[in-house]
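> I am attaching a structure below and will ask some questions about it afterwards.
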Amino acid sequence: MSELFDMPSDLQHSYLGLVMLHLREALLPVLFGLLVALPLAQLCVRLRWLYPPVLWITTVLYAIPSLAFFVILIDYTGQSELTVMIPLGVYSLVVLVPAIVDAVRSVPQETLAAATAMGFGPVRRYVQVQLPIAAPAIIAGLRVASVSSISLVSVGMLIGNQGALGNLLNSGMIYNQERLIWLSVVGTAVLAILVDAALIGVRILLTPWMPRGTRKNTPTLTAKAAAR
Amino acid sequence: MIRIDSVTKRYPDGTVAVDRLSLEIPDRSITVLVGPSGCGKTTTLRMINRMVEPTEGTITLDGVDIMKQPVNTLRRSMGYVIQNAGLFQHRTIIDNIATVPRMLGWGKDKARARAGELMERVGLDSALAKRYPYQLSGGQQQRVGVARALAADPPVLLMDEPFSAVDPIVRKGLQDELLRIQEELGKTIVFVTHDIDEAVKLGTMVAVMRTGGHLAQFAPPAELLTDPADAFVEDFLGADRGIRRLSFFPSAGLELLTAPIVAVDATAEQIAARATGDAPYLLVTDLDGKPLGWAEPGELTAGEIRQDQLLACGRPFVAGKESLRAALDCAVLSPTGWAVAVDGEGRAAGVVSQQTIGEAIRGAHAERRADGKTDGKKDSRDSKGSKKDGTTEKAAR
């Protein structure tokens with residue numbers, strides 16, 4: 001059984017080590033993307049004119065192939081994990097910014113008016129009302145960003161073996177070992193599914209206030225409809 | 001007292017939402033702002049808690065300019081109820097209600113205890129405390145909205161079309177509940193609606209506004225119905241304002257006939273004695289005295305009166321308690337043209353014809369006119385007078 005997970009020594013990692021590396025390389029950029037996207041999205045909500053150009057820029061950045069990114073970055077960050085993670089973080093913005101903007105905007109007007117009328121200042125209103133109500137849609141955005149990031153990490157193999165499970169795929173092809181290819185492909189898919197499931201779990205924990213059976217990506221609308 | 005003094009709200013694009021509005025909102029009573037959409041009623045309401053800031057003019061609360069107070073302190077001293085309730089969907093009912101007390105620094109237990117009290121006050125089952133808003137009906141959510149606004153016991157309550165998104169039966173319940181709560185608490189309530197019936201029902205004073213943010217008339221509802229200031233107000237009140245105005249006349253003075261009433265077990269002599277000719281029909285009651293229906297005296301055979309032979313008597317009115325409007329409505333709907341009056345227990349108290357009700361209405365009008373000479377009428381003249389001068393329309397109360 002243990003032979004099944006034996007790794008070629010040039011990978012310098014056990015299978016579990018590769019999985020953990022893959023997770024780190026995929027999820028740290030998404031976390032970074034979230035930290036950038038939250039204030040950026042809030043700016044876009046406050047200043048409406050800012051949203052279209054921000055959307056345009058994130059889309060253009062997403063259109064840049066990762067190889068091109070690597071070529072530029074390699075002069076600065078070398079053949080490191082960082083060179084893989086920076087493009088992934090940038091890519092996550094194309095999903096996260098619109099998800100957060102739409103989520104925050106979809107908080108019902110009367111809820112916001114009621115909060116203002118009760119004496120909530122802008123910061124308190126954002127943290128205590130808008131963000132919690134937007135949380136399910138933000139998590140929906142995180143799910144897409146995480147899964148896409150997990151699949152994209154493999155490309156890192158092209159720059160000095162920074163592709164984690166992607167490197168395994170490469171080794172499988174070089175050594176002509178089908179076992180390694182399966183371990184890489186199935187491992188990546190299972191990882192994506194598990195992360196997705198974990199995020200669903202987080203959302204369920206965070207939103208006991210959502211109507212059961214209608215937990216969808218547009219929670220505020222369905223919640224409102226059900227409440228009527 | 002809230003005093004709005006020649007307040008104008010002009011938006012950067014030049015739109016004038018409210019135009020030199022002056023109103024004195026009396027303490028501890030319900031003042032209704034009513035008008036078609038775009039008349040500036042919601043803007044006016046939102047200027048009171050500074051969610052909209054006036055371009056010109058001043059608003060004072062108990063003599064203090066509201067612009068001179070910290071905005072969030074001002075808002076926390078005013079309860080606010082909005083259409084669709086605007087509840088925090090991510091918080092339980094009890095935490096929704098406890099929001100303002102918590103912000104004011106109350107401890108969690110104290111705030112929740114207070115919220116529990118308020119749930120009871122607005123007629124919510126305490127079992128709902130741990131539920132979330134989506135689990136409540138629209139009417140229940142609106143009650144939570146009212147409880148949340150009352151939580152920190154603010155002297156002022158601002159209500160922005162709070163009941164317009166619920167169905168008519170629920171709305172009537174909420175209106176009655178508001179009147180009951182107001183009787184207990186005596187808040188200064190400013191209530192915005194586009195529904196003139198709601199305005200007339202709830203308002204101690206009603207301000208009718210017209211498109212462009214002008215005040216058309218500010219008067220108690222009865223005066224509004226009697227003496228609309230102009231064609232706009234008259235039109236807004238609707239074609240049946242004469243009938244609706246009857247709601248303000250009590251039926252207590254109506255002369256009820258008790259002669260043409262017989263019990264279902266009446267003898268031939270009793271039937272003959274009751275058929276005095278005052279009324280063309282006799283009202284038959286059951287043994288308890290509750291009305292069963294109408295019949296002509298000749299159609300009744302003692303001992304053989306069956307309900308299916310009788311003309312239905314329809315809905316009766318409660319003598320003395322309900323208004324002349326209810327009495328007239330009963331008479332108009334009755335197949336005989338006579339209304340049946342009942343006492344509090346539903347037993348027949350007498351019958352009355354459309355003609356008698358008509359005389360009572362004329363009598364009541366004459367009485368109002370005589371009263372109007374001294375007080376109310378003068379006020380409305382003043383308000384009309386100042387309008388002609390081109391100055392702001394002042395309400396005299």
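Every chain in the structure tokens has a letter given in the order shown (A, B, ...), and although residue numbers restart at 1 in each chain, ligands are simply numbered from 1 in the order shown.
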Residues of chain A near chain B: apply a cut-off of 8 Å, count only C-alpha atoms, and supply the list as a PyMOL selection string.
chain A and resi 108-114+116-121+129+132-133+207-211+223-224+226-228
